[in-house]
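Trainee: Sharing a structure, written as structure tokens. Questions coming.
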Amino acid sequence: MPYNDGSEAFPSALKLLIAGGFGVGKTTFVGAVSEIEPLRTEELLTTASVGTDKLTGVERKSTTTVAMDFGRITISRDHVLYLFGTPGQERFWFMWDELSVGAMGAVVLADTRRLEDCFPAVDFFESRGIEFLIAVNEFEDALRYQVDDVRSALDLKPDIPVIFCDARDRRSATGVLIDLIKHLLQTRIRP
């Protein structure tokens, strides 16, 4: 990734991942914040996925991301965020290794109705030393929990931010990215 002159804490192009379980809102999140029409690699779910894909809690979902979602946000003439949404189904997790190359940080979207679906993303980023935060996508029919309850359920370290959002809402999703950037800045400044 290109850097400006070495005096900045971050590269001029910043790659961020949006990860989480199947149907948690990754494609929606990228689409809500991207200034360009997002690149989507969605395909229709077919009968071939029966028995392979776990549709519990997302029975109305008819498509799935098979490679990635891609979006862009220009912060200034010299600073751009590139967003890569990961596929959520286990059969496409091999893409995560490729997508994570050069990533500065990640948003792990969580759905409290299926909280266990974000465990693989948390494990993935922890094992690779990629900083992340948890963004609970507050679906209308989901129970609401306190930050400490979510942190405990996910067995998170105390320095990993847990926030709440609506992935459909541009302002809410942008707030998540701002919190992630603040978290990344804090972790880079720590001794």
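Every chain in the structure tokens takes a letter, A first, then B, and so on in the order presented; its residues are numbered from 1, and the ligands are numbered from 1 following the presented order.
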List the neighbours of stretch 71-83 of chain A out to 8 Å using only C-alpha atoms; skip same-chain residues closer than 4 positions along the sequence, and give me the result as a PyMOL selection string.

Mentor: chain A and resi 4+11-18+30-31+33-39

Trainee: Write a file of the selected residues as a short mmCIF file (atom, residue, chain, number, x, y, z; two decimals), in the first residue's frame, keeping all heavy atoms.

Mentor:
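To be explicit, this is the file written out as out_38.cif:
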```cif
data_model
loop_
_atom_site.label_atom_id
_atom_site.label_comp_id
_atom_site.auth_asym_id
_atom_site.auth_seq_id
_atom_site.Cartn_x
_atom_site.Cartn_y
_atom_site.Cartn_z
N ASN A 4 2.47 8.00 2.31
CA ASN A 4 2.78 9.37 1.92
C ASN A 4 4.27 9.64 2.10
O ASN A 4 5.06 9.35 1.23
CB ASN A 4 1.91 10.36 2.68
CG ASN A 4 0.50 10.39 2.13
OD1 ASN A 4 0.27 10.01 0.99
ND2 ASN A 4 -0.45 10.81 2.93
N PRO A 11 -1.06 4.42 6.19
CA PRO A 11 -0.85 4.56 4.75
C PRO A 11 -1.94 5.43 4.14
O PRO A 11 -2.99 5.63 4.74
CB PRO A 11 -0.95 3.11 4.24
CG PRO A 11 -1.58 2.33 5.31
CD PRO A 11 -1.40 3.08 6.60
N SER A 12 -1.69 5.93 2.95
CA SER A 12 -2.68 6.78 2.31
C SER A 12 -3.86 5.95 1.80
O SER A 12 -4.96 6.47 1.67
CB SER A 12 -2.05 7.57 1.17
OG SER A 12 -1.46 6.70 0.23
N ALA A 13 -3.65 4.68 1.53
CA ALA A 13 -4.73 3.76 1.17
C ALA A 13 -4.85 2.75 2.30
O ALA A 13 -3.88 2.09 2.65
CB ALA A 13 -4.41 3.06 -0.14
N LEU A 14 -6.04 2.66 2.87
CA LEU A 14 -6.26 1.81 4.03
C LEU A 14 -7.26 0.73 3.68
O LEU A 14 -8.38 1.02 3.28
CB LEU A 14 -6.78 2.67 5.19
CG LEU A 14 -7.01 1.99 6.52
CD1 LEU A 14 -5.70 1.46 7.10
CD2 LEU A 14 -7.62 2.98 7.50
N LYS A 15 -6.83 -0.51 3.82
CA LYS A 15 -7.69 -1.66 3.53
C LYS A 15 -8.32 -2.16 4.82
O LYS A 15 -7.64 -2.48 5.78
CB LYS A 15 -6.85 -2.77 2.89
CG LYS A 15 -7.63 -4.01 2.54
CD LYS A 15 -6.70 -5.04 1.90
CE LYS A 15 -7.42 -6.28 1.47
NZ LYS A 15 -6.49 -7.26 0.86
N LEU A 16 -9.64 -2.24 4.82
CA LEU A 16 -10.40 -2.72 5.98
C LEU A 16 -11.30 -3.87 5.54
O LEU A 16 -11.84 -3.85 4.43
CB LEU A 16 -11.26 -1.61 6.56
CG LEU A 16 -10.54 -0.34 7.02
CD1 LEU A 16 -11.54 0.71 7.46
CD2 LEU A 16 -9.57 -0.66 8.14
N LEU A 17 -11.46 -4.84 6.42
CA LEU A 17 -12.33 -5.98 6.14
C LEU A 17 -13.62 -5.85 6.93
O LEU A 17 -13.63 -5.36 8.06
CB LEU A 17 -11.64 -7.29 6.52
CG LEU A 17 -10.33 -7.60 5.80
CD1 LEU A 17 -9.78 -8.94 6.27
CD2 LEU A 17 -10.52 -7.61 4.30
N ILE A 18 -14.70 -6.31 6.33
CA ILE A 18 -16.00 -6.41 6.98
C ILE A 18 -16.32 -7.90 6.99
O ILE A 18 -16.51 -8.51 5.94
CB ILE A 18 -17.10 -5.62 6.23
CG1 ILE A 18 -16.63 -4.20 5.86
CG2 ILE A 18 -18.38 -5.63 7.03
CD1 ILE A 18 -16.22 -3.34 7.03
N VAL A 30 -21.32 -2.70 3.46
CA VAL A 30 -20.43 -2.13 2.43
C VAL A 30 -21.24 -1.24 1.49
O VAL A 30 -20.82 -0.13 1.15
CB VAL A 30 -19.69 -3.24 1.66
CG1 VAL A 30 -18.94 -2.67 0.46
CG2 VAL A 30 -18.72 -3.99 2.57
N GLY A 31 -22.43 -1.69 1.11
CA GLY A 31 -23.27 -0.89 0.22
C GLY A 31 -23.74 0.40 0.85
O GLY A 31 -23.91 1.41 0.16
N VAL A 33 -22.12 2.36 2.94
CA VAL A 33 -21.09 3.39 3.12
C VAL A 33 -20.27 3.69 1.87
O VAL A 33 -19.62 4.73 1.79
CB VAL A 33 -20.11 3.03 4.28
CG1 VAL A 33 -20.84 2.99 5.60
CG2 VAL A 33 -19.37 1.75 4.01
N SER A 34 -20.27 2.81 0.90
CA SER A 34 -19.42 3.00 -0.28
C SER A 34 -19.88 4.18 -1.12
O SER A 34 -21.07 4.36 -1.37
CB SER A 34 -19.42 1.73 -1.14
OG SER A 34 -18.59 1.92 -2.26
N GLU A 35 -18.89 4.97 -1.57
CA GLU A 35 -19.20 6.10 -2.44
C GLU A 35 -19.37 5.65 -3.89
O GLU A 35 -19.86 6.42 -4.72
CB GLU A 35 -18.09 7.15 -2.35
CG GLU A 35 -16.78 6.68 -2.96
CD GLU A 35 -15.62 7.61 -2.68
OE1 GLU A 35 -15.70 8.40 -1.72
OE2 GLU A 35 -14.63 7.52 -3.41
N ILE A 36 -18.94 4.45 -4.20
CA ILE A 36 -19.10 3.90 -5.54
C ILE A 36 -20.13 2.77 -5.46
O ILE A 36 -20.45 2.27 -4.39
CB ILE A 36 -17.77 3.34 -6.10
CG1 ILE A 36 -17.25 2.20 -5.20
CG2 ILE A 36 -16.74 4.44 -6.28
CD1 ILE A 36 -16.08 1.43 -5.78
N GLU A 37 -20.66 2.40 -6.59
CA GLU A 37 -21.53 1.23 -6.63
C GLU A 37 -20.65 0.03 -6.23
O GLU A 37 -19.65 -0.25 -6.88
CB GLU A 37 -22.09 1.02 -8.03
CG GLU A 37 -23.05 -0.14 -8.14
CD GLU A 37 -24.33 0.07 -7.36
OE1 GLU A 37 -24.79 1.23 -7.24
OE2 GLU A 37 -24.87 -0.93 -6.88
N PRO A 38 -20.99 -0.64 -5.13
CA PRO A 38 -20.12 -1.71 -4.65
C PRO A 38 -20.04 -2.87 -5.64
O PRO A 38 -21.02 -3.18 -6.31
CB PRO A 38 -20.78 -2.18 -3.35
CG PRO A 38 -21.83 -1.21 -3.03
CD PRO A 38 -22.15 -0.44 -4.27
N LEU A 39 -18.86 -3.46 -5.69
CA LEU A 39 -18.70 -4.71 -6.42
C LEU A 39 -19.24 -5.80 -5.52
O LEU A 39 -18.83 -5.91 -4.35
CB LEU A 39 -17.22 -4.96 -6.73
CG LEU A 39 -16.89 -6.36 -7.22
CD1 LEU A 39 -17.47 -6.58 -8.61
CD2 LEU A 39 -15.40 -6.60 -7.20
#
```

Trainee: Do you know which residues are at most 6 Å from stretch 103-120 of chain A counting only C-alpha atoms, after dropping those on the same chain fewer than 3 positions away, and could you put them as a tab-separated table (two decimals) with N, CA, C and O atoms, in the first residue's frame?

Mentor:
```tsv
chain	number	residue	atom	x	y	z
A	15	LYS	N	-6.83	-0.51	3.82
A	15	LYS	CA	-7.69	-1.66	3.53
A	15	LYS	C	-8.32	-2.16	4.82
A	15	LYS	O	-7.64	-2.48	5.78
A	16	LEU	N	-9.64	-2.24	4.82
A	16	LEU	CA	-10.40	-2.72	5.98
A	16	LEU	C	-11.30	-3.87	5.54
A	16	LEU	O	-11.84	-3.85	4.43
A	17	LEU	N	-11.46	-4.84	6.42
A	17	LEU	CA	-12.33	-5.98	6.14
A	17	LEU	C	-13.62	-5.85	6.93
A	17	LEU	O	-13.63	-5.36	8.06
A	18	ILE	N	-14.70	-6.31	6.33
A	18	ILE	CA	-16.00	-6.41	6.98
A	18	ILE	C	-16.32	-7.90	6.99
A	18	ILE	O	-16.51	-8.51	5.94
A	19	ALA	N	-16.33	-8.49	8.18
A	19	ALA	CA	-16.45	-9.94	8.29
A	19	ALA	C	-17.59	-10.30	9.24
A	19	ALA	O	-18.17	-9.45	9.90
A	20	GLY	N	-17.86	-11.59	9.32
A	20	GLY	CA	-18.90	-12.10	10.20
A	20	GLY	C	-19.58	-13.28	9.57
A	20	GLY	O	-19.21	-13.74	8.48
A	21	GLY	N	-20.58	-13.78	10.23
A	21	GLY	CA	-21.29	-14.96	9.76
A	21	GLY	C	-22.18	-14.69	8.56
A	21	GLY	O	-22.40	-13.55	8.15
A	24	VAL	N	-25.28	-11.78	8.14
A	24	VAL	CA	-25.20	-10.82	9.25
A	24	VAL	C	-25.28	-9.37	8.78
A	24	VAL	O	-25.48	-8.47	9.58
A	100	SER	N	-7.33	-10.86	3.54
A	100	SER	CA	-6.71	-10.23	4.71
A	100	SER	C	-5.30	-9.71	4.44
A	100	SER	O	-4.78	-8.92	5.24
A	123	ASP	N	-11.81	-15.49	15.90
A	123	ASP	CA	-10.63	-16.37	15.96
A	123	ASP	C	-9.65	-16.06	14.84
A	123	ASP	O	-8.43	-16.03	15.05
A	124	PHE	N	-10.17	-15.83	13.63
A	124	PHE	CA	-9.32	-15.55	12.47
A	124	PHE	C	-8.46	-14.31	12.72
A	124	PHE	O	-7.24	-14.34	12.54
A	130	ILE	N	-4.60	-9.19	13.55
A	130	ILE	CA	-5.28	-8.08	12.87
A	130	ILE	C	-6.27	-7.46	13.85
A	130	ILE	O	-7.13	-8.15	14.38
A	131	GLU	N	-6.11	-6.17	14.11
A	131	GLU	CA	-6.99	-5.47	15.04
A	131	GLU	C	-8.42	-5.43	14.48
A	131	GLU	O	-8.61	-5.28	13.27
A	132	PHE	N	-9.39	-5.55	15.37
A	132	PHE	CA	-10.77	-5.54	14.95
A	132	PHE	C	-11.66	-5.00	16.07
A	132	PHE	O	-11.21	-4.81	17.20
A	133	LEU	N	-12.90	-4.74	15.71
A	133	LEU	CA	-13.93	-4.42	16.70
A	133	LEU	C	-15.15	-5.24	16.36
A	133	LEU	O	-15.28	-5.77	15.25
A	134	ILE	N	-16.04	-5.36	17.32
A	134	ILE	CA	-17.31	-6.05	17.12
A	134	ILE	C	-18.39	-5.00	16.93
A	134	ILE	O	-18.51	-4.07	17.74
A	135	ALA	N	-19.16	-5.12	15.86
A	135	ALA	CA	-20.29	-4.24	15.61
A	135	ALA	C	-21.54	-5.10	15.59
A	135	ALA	O	-21.74	-5.91	14.68
A	136	VAL	N	-22.35	-4.99	16.61
A	136	VAL	CA	-23.59	-5.75	16.70
A	136	VAL	C	-24.62	-5.08	15.80
A	136	VAL	O	-25.02	-3.94	16.04
A	137	ASN	N	-25.00	-5.79	14.75
A	137	ASN	CA	-26.01	-5.30	13.82
A	137	ASN	C	-27.36	-5.57	14.46
A	137	ASN	O	-27.78	-6.71	14.61
A	142	ALA	N	-34.30	-8.90	17.06
A	142	ALA	CA	-33.26	-9.44	17.94
A	142	ALA	C	-33.37	-8.83	19.34
A	142	ALA	O	-33.78	-7.68	19.49
```

Trainee: Any idea what's packed within 8 Å of A:Ala167, counting only C-alpha atoms, ignoring anything in its chain fewer than 4 positions away? Could you give it as a list in words?

Mentor: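 Close residues of A:Ala167: Gly25, Lys26, Thr28, Phe29, Ala32, Asn137, Ser172 and Ala173 of chain A.
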
Trainee: Write the residues you've just listed into a file as a PDB file, in the first residue's frame, and include all heavy atoms for each of them.

Mentor:
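Here's the written file out.pdb:
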```pdb
ATOM      1  N   GLY A  25     -25.106  -9.130   7.478  1.00  0.00           N
ATOM      2  CA  GLY A  25     -25.227  -7.772   6.954  1.00  0.00           C
ATOM      3  C   GLY A  25     -23.968  -7.188   6.347  1.00  0.00           C
ATOM      4  O   GLY A  25     -23.876  -5.972   6.162  1.00  0.00           O
ATOM      5  N   LYS A  26     -23.003  -8.010   5.999  1.00  0.00           N
ATOM      6  CA  LYS A  26     -21.736  -7.500   5.444  1.00  0.00           C
ATOM      7  C   LYS A  26     -21.937  -6.790   4.104  1.00  0.00           C
ATOM      8  O   LYS A  26     -21.444  -5.681   3.904  1.00  0.00           O
ATOM      9  CB  LYS A  26     -20.727  -8.652   5.297  1.00  0.00           C
ATOM     10  CG  LYS A  26     -20.393  -9.322   6.606  1.00  0.00           C
ATOM     11  CD  LYS A  26     -19.500 -10.536   6.425  1.00  0.00           C
ATOM     12  CE  LYS A  26     -20.104 -11.620   5.598  1.00  0.00           C
ATOM     13  NZ  LYS A  26     -21.257 -12.298   6.221  1.00  0.00           N
ATOM     14  N   THR A  28     -24.699  -5.524   2.947  1.00  0.00           N
ATOM     15  CA  THR A  28     -25.508  -4.341   3.230  1.00  0.00           C
ATOM     16  C   THR A  28     -24.641  -3.224   3.797  1.00  0.00           C
ATOM     17  O   THR A  28     -24.757  -2.059   3.394  1.00  0.00           O
ATOM     18  CB  THR A  28     -26.635  -4.703   4.219  1.00  0.00           C
ATOM     19  OG1 THR A  28     -27.443  -5.730   3.628  1.00  0.00           O
ATOM     20  CG2 THR A  28     -27.483  -3.493   4.562  1.00  0.00           C
ATOM     21  N   PHE A  29     -23.743  -3.557   4.728  1.00  0.00           N
ATOM     22  CA  PHE A  29     -22.852  -2.584   5.358  1.00  0.00           C
ATOM     23  C   PHE A  29     -21.975  -1.906   4.301  1.00  0.00           C
ATOM     24  O   PHE A  29     -21.898  -0.675   4.245  1.00  0.00           O
ATOM     25  CB  PHE A  29     -21.987  -3.297   6.408  1.00  0.00           C
ATOM     26  CG  PHE A  29     -21.100  -2.394   7.211  1.00  0.00           C
ATOM     27  CD1 PHE A  29     -21.460  -2.024   8.498  1.00  0.00           C
ATOM     28  CD2 PHE A  29     -19.887  -1.925   6.716  1.00  0.00           C
ATOM     29  CE1 PHE A  29     -20.643  -1.204   9.261  1.00  0.00           C
ATOM     30  CE2 PHE A  29     -19.061  -1.109   7.461  1.00  0.00           C
ATOM     31  CZ  PHE A  29     -19.447  -0.749   8.738  1.00  0.00           C
ATOM     32  N   ALA A  32     -23.951   0.394   2.156  1.00  0.00           N
ATOM     33  CA  ALA A  32     -24.434   1.596   2.843  1.00  0.00           C
ATOM     34  C   ALA A  32     -23.399   2.708   2.873  1.00  0.00           C
ATOM     35  O   ALA A  32     -23.754   3.882   2.857  1.00  0.00           O
ATOM     36  CB  ALA A  32     -24.871   1.254   4.271  1.00  0.00           C
ATOM     37  N   ASN A 137     -24.999  -5.791  14.752  1.00  0.00           N
ATOM     38  CA  ASN A 137     -26.008  -5.299  13.820  1.00  0.00           C
ATOM     39  C   ASN A 137     -27.361  -5.566  14.462  1.00  0.00           C
ATOM     40  O   ASN A 137     -27.776  -6.707  14.610  1.00  0.00           O
ATOM     41  CB  ASN A 137     -25.877  -6.018  12.473  1.00  0.00           C
ATOM     42  CG  ASN A 137     -26.710  -5.383  11.388  1.00  0.00           C
ATOM     43  OD1 ASN A 137     -27.315  -4.329  11.578  1.00  0.00           O
ATOM     44  ND2 ASN A 137     -26.759  -6.023  10.234  1.00  0.00           N
ATOM     45  N   SER A 172     -24.836   5.219  10.626  1.00  0.00           N
ATOM     46  CA  SER A 172     -24.492   4.216  11.627  1.00  0.00           C
ATOM     47  C   SER A 172     -23.266   3.404  11.193  1.00  0.00           C
ATOM     48  O   SER A 172     -22.322   3.205  11.969  1.00  0.00           O
ATOM     49  CB  SER A 172     -25.686   3.290  11.864  1.00  0.00           C
ATOM     50  OG  SER A 172     -25.383   2.324  12.832  1.00  0.00           O
ATOM     51  N   ALA A 173     -23.264   2.940   9.949  1.00  0.00           N
ATOM     52  CA  ALA A 173     -22.134   2.153   9.442  1.00  0.00           C
ATOM     53  C   ALA A 173     -20.861   3.003   9.376  1.00  0.00           C
ATOM     54  O   ALA A 173     -19.769   2.524   9.696  1.00  0.00           O
ATOM     55  CB  ALA A 173     -22.474   1.565   8.078  1.00  0.00           C
TER      56      ALA A 173
END
```

Trainee: Any chance you could list, as a PyMOL selection string, the residues in stretch 71-191 of chain A that come up strand (DSSP E) when DSSP is run on the backbone?

Mentor: chain A and resi 71-76+79-85+105-110+132-137+162-165

Trainee: Create the file for the chosen residues now, containing N, CA and C atoms and written as a PDB file, in the first residue's frame.

Mentor:
```pdb
ATOM      1  N   GLY A  71     -15.973  -1.948  -1.687  1.00  0.00           N
ATOM      2  CA  GLY A  71     -16.437  -0.575  -1.720  1.00  0.00           C
ATOM      3  C   GLY A  71     -15.293   0.378  -1.426  1.00  0.00           C
ATOM      4  N   ARG A  72     -15.525   1.652  -1.641  1.00  0.00           N
ATOM      5  CA  ARG A  72     -14.472   2.659  -1.441  1.00  0.00           C
ATOM      6  C   ARG A  72     -15.072   3.902  -0.805  1.00  0.00           C
ATOM      7  N   ILE A  73     -14.260   4.525   0.062  1.00  0.00           N
ATOM      8  CA  ILE A  73     -14.617   5.810   0.663  1.00  0.00           C
ATOM      9  C   ILE A  73     -13.394   6.713   0.552  1.00  0.00           C
ATOM     10  N   THR A  74     -13.555   7.845  -0.105  1.00  0.00           N
ATOM     11  CA  THR A  74     -12.467   8.817  -0.199  1.00  0.00           C
ATOM     12  C   THR A  74     -12.578   9.762   0.985  1.00  0.00           C
ATOM     13  N   ILE A  75     -11.537   9.778   1.812  1.00  0.00           N
ATOM     14  CA  ILE A  75     -11.507  10.655   2.985  1.00  0.00           C
ATOM     15  C   ILE A  75     -11.005  12.036   2.583  1.00  0.00           C
ATOM     16  N   SER A  76      -9.947  12.041   1.799  1.00  0.00           N
ATOM     17  CA  SER A  76      -9.363  13.282   1.284  1.00  0.00           C
ATOM     18  C   SER A  76      -8.650  12.929  -0.016  1.00  0.00           C
ATOM     19  N   HIS A  79      -6.171  10.277   1.076  1.00  0.00           N
ATOM     20  CA  HIS A  79      -6.545   9.157   1.948  1.00  0.00           C
ATOM     21  C   HIS A  79      -7.830   8.484   1.480  1.00  0.00           C
ATOM     22  N   VAL A  80      -7.721   7.184   1.254  1.00  0.00           N
ATOM     23  CA  VAL A  80      -8.848   6.400   0.756  1.00  0.00           C
ATOM     24  C   VAL A  80      -8.994   5.134   1.593  1.00  0.00           C
ATOM     25  N   LEU A  81     -10.241   4.788   1.922  1.00  0.00           N
ATOM     26  CA  LEU A  81     -10.538   3.517   2.583  1.00  0.00           C
ATOM     27  C   LEU A  81     -11.058   2.546   1.532  1.00  0.00           C
ATOM     28  N   TYR A  82     -10.486   1.362   1.513  1.00  0.00           N
ATOM     29  CA  TYR A  82     -10.979   0.289   0.658  1.00  0.00           C
ATOM     30  C   TYR A  82     -11.610  -0.756   1.560  1.00  0.00           C
ATOM     31  N   LEU A  83     -12.857  -1.071   1.304  1.00  0.00           N
ATOM     32  CA  LEU A  83     -13.608  -2.003   2.136  1.00  0.00           C
ATOM     33  C   LEU A  83     -13.802  -3.319   1.399  1.00  0.00           C
ATOM     34  N   PHE A  84     -13.468  -4.398   2.069  1.00  0.00           N
ATOM     35  CA  PHE A  84     -13.631  -5.732   1.512  1.00  0.00           C
ATOM     36  C   PHE A  84     -14.526  -6.537   2.440  1.00  0.00           C
ATOM     37  N   GLY A  85     -15.702  -6.898   1.951  1.00  0.00           N
ATOM     38  CA  GLY A  85     -16.601  -7.748   2.720  1.00  0.00           C
ATOM     39  C   GLY A  85     -16.278  -9.203   2.440  1.00  0.00           C
ATOM     40  N   GLY A 105      -7.217  -3.507   9.515  1.00  0.00           N
ATOM     41  CA  GLY A 105      -8.153  -3.797  10.585  1.00  0.00           C
ATOM     42  C   GLY A 105      -9.440  -4.358  10.027  1.00  0.00           C
ATOM     43  N   ALA A 106     -10.343  -4.726  10.942  1.00  0.00           N
ATOM     44  CA  ALA A 106     -11.587  -5.355  10.511  1.00  0.00           C
ATOM     45  C   ALA A 106     -12.746  -4.996  11.427  1.00  0.00           C
ATOM     46  N   VAL A 107     -13.913  -5.016  10.843  1.00  0.00           N
ATOM     47  CA  VAL A 107     -15.181  -4.947  11.561  1.00  0.00           C
ATOM     48  C   VAL A 107     -15.735  -6.363  11.543  1.00  0.00           C
ATOM     49  N   VAL A 108     -16.029  -6.905  12.711  1.00  0.00           N
ATOM     50  CA  VAL A 108     -16.718  -8.194  12.784  1.00  0.00           C
ATOM     51  C   VAL A 108     -18.173  -7.890  13.128  1.00  0.00           C
ATOM     52  N   LEU A 109     -19.051  -8.079  12.139  1.00  0.00           N
ATOM     53  CA  LEU A 109     -20.473  -7.867  12.372  1.00  0.00           C
ATOM     54  C   LEU A 109     -21.027  -9.068  13.125  1.00  0.00           C
ATOM     55  N   ALA A 110     -21.887  -8.796  14.088  1.00  0.00           N
ATOM     56  CA  ALA A 110     -22.493  -9.850  14.893  1.00  0.00           C
ATOM     57  C   ALA A 110     -24.004  -9.675  14.920  1.00  0.00           C
ATOM     58  N   PHE A 132      -9.388  -5.550  15.371  1.00  0.00           N
ATOM     59  CA  PHE A 132     -10.775  -5.545  14.955  1.00  0.00           C
ATOM     60  C   PHE A 132     -11.656  -5.002  16.067  1.00  0.00           C
ATOM     61  N   LEU A 133     -12.895  -4.740  15.712  1.00  0.00           N
ATOM     62  CA  LEU A 133     -13.929  -4.423  16.696  1.00  0.00           C
ATOM     63  C   LEU A 133     -15.154  -5.244  16.357  1.00  0.00           C
ATOM     64  N   ILE A 134     -16.036  -5.360  17.325  1.00  0.00           N
ATOM     65  CA  ILE A 134     -17.310  -6.051  17.125  1.00  0.00           C
ATOM     66  C   ILE A 134     -18.387  -4.995  16.930  1.00  0.00           C
ATOM     67  N   ALA A 135     -19.157  -5.122  15.863  1.00  0.00           N
ATOM     68  CA  ALA A 135     -20.287  -4.239  15.609  1.00  0.00           C
ATOM     69  C   ALA A 135     -21.542  -5.103  15.593  1.00  0.00           C
ATOM     70  N   VAL A 136     -22.347  -4.987  16.614  1.00  0.00           N
ATOM     71  CA  VAL A 136     -23.587  -5.751  16.704  1.00  0.00           C
ATOM     72  C   VAL A 136     -24.617  -5.081  15.799  1.00  0.00           C
ATOM     73  N   ASN A 137     -24.999  -5.791  14.752  1.00  0.00           N
ATOM     74  CA  ASN A 137     -26.008  -5.299  13.820  1.00  0.00           C
ATOM     75  C   ASN A 137     -27.361  -5.566  14.462  1.00  0.00           C
ATOM     76  N   VAL A 162     -16.728  -2.969  21.437  1.00  0.00           N
ATOM     77  CA  VAL A 162     -18.019  -3.561  21.069  1.00  0.00           C
ATOM     78  C   VAL A 162     -18.990  -2.401  20.928  1.00  0.00           C
ATOM     79  N   ILE A 163     -19.580  -2.269  19.747  1.00  0.00           N
ATOM     80  CA  ILE A 163     -20.511  -1.176  19.485  1.00  0.00           C
ATOM     81  C   ILE A 163     -21.760  -1.741  18.824  1.00  0.00           C
ATOM     82  N   PHE A 164     -22.771  -0.929  18.707  1.00  0.00           N
ATOM     83  CA  PHE A 164     -24.036  -1.344  18.108  1.00  0.00           C
ATOM     84  C   PHE A 164     -24.284  -0.501  16.862  1.00  0.00           C
ATOM     85  N   CYS A 165     -24.921  -1.125  15.855  1.00  0.00           N
ATOM     86  CA  CYS A 165     -25.140  -0.388  14.608  1.00  0.00           C
ATOM     87  C   CYS A 165     -26.348  -0.933  13.867  1.00  0.00           C
TER      88      CYS A 165
END
```

Trainee: From the set A:Lys157, A:Arg168, A:Lys182, A:Arg151, which residue has the shortest atom-to-atom contact distance to A:Glu138, counting only C-alpha atoms?

Mentor: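 Looking only at the distances to A:Glu138, the closest residue turns out to be A:Arg168.
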
Trainee: Please measure the separation of atom CA of A:Arg128 and atom CA of A:Asp159, giving the value in Å to one decimal.

Mentor: 16.7 Å
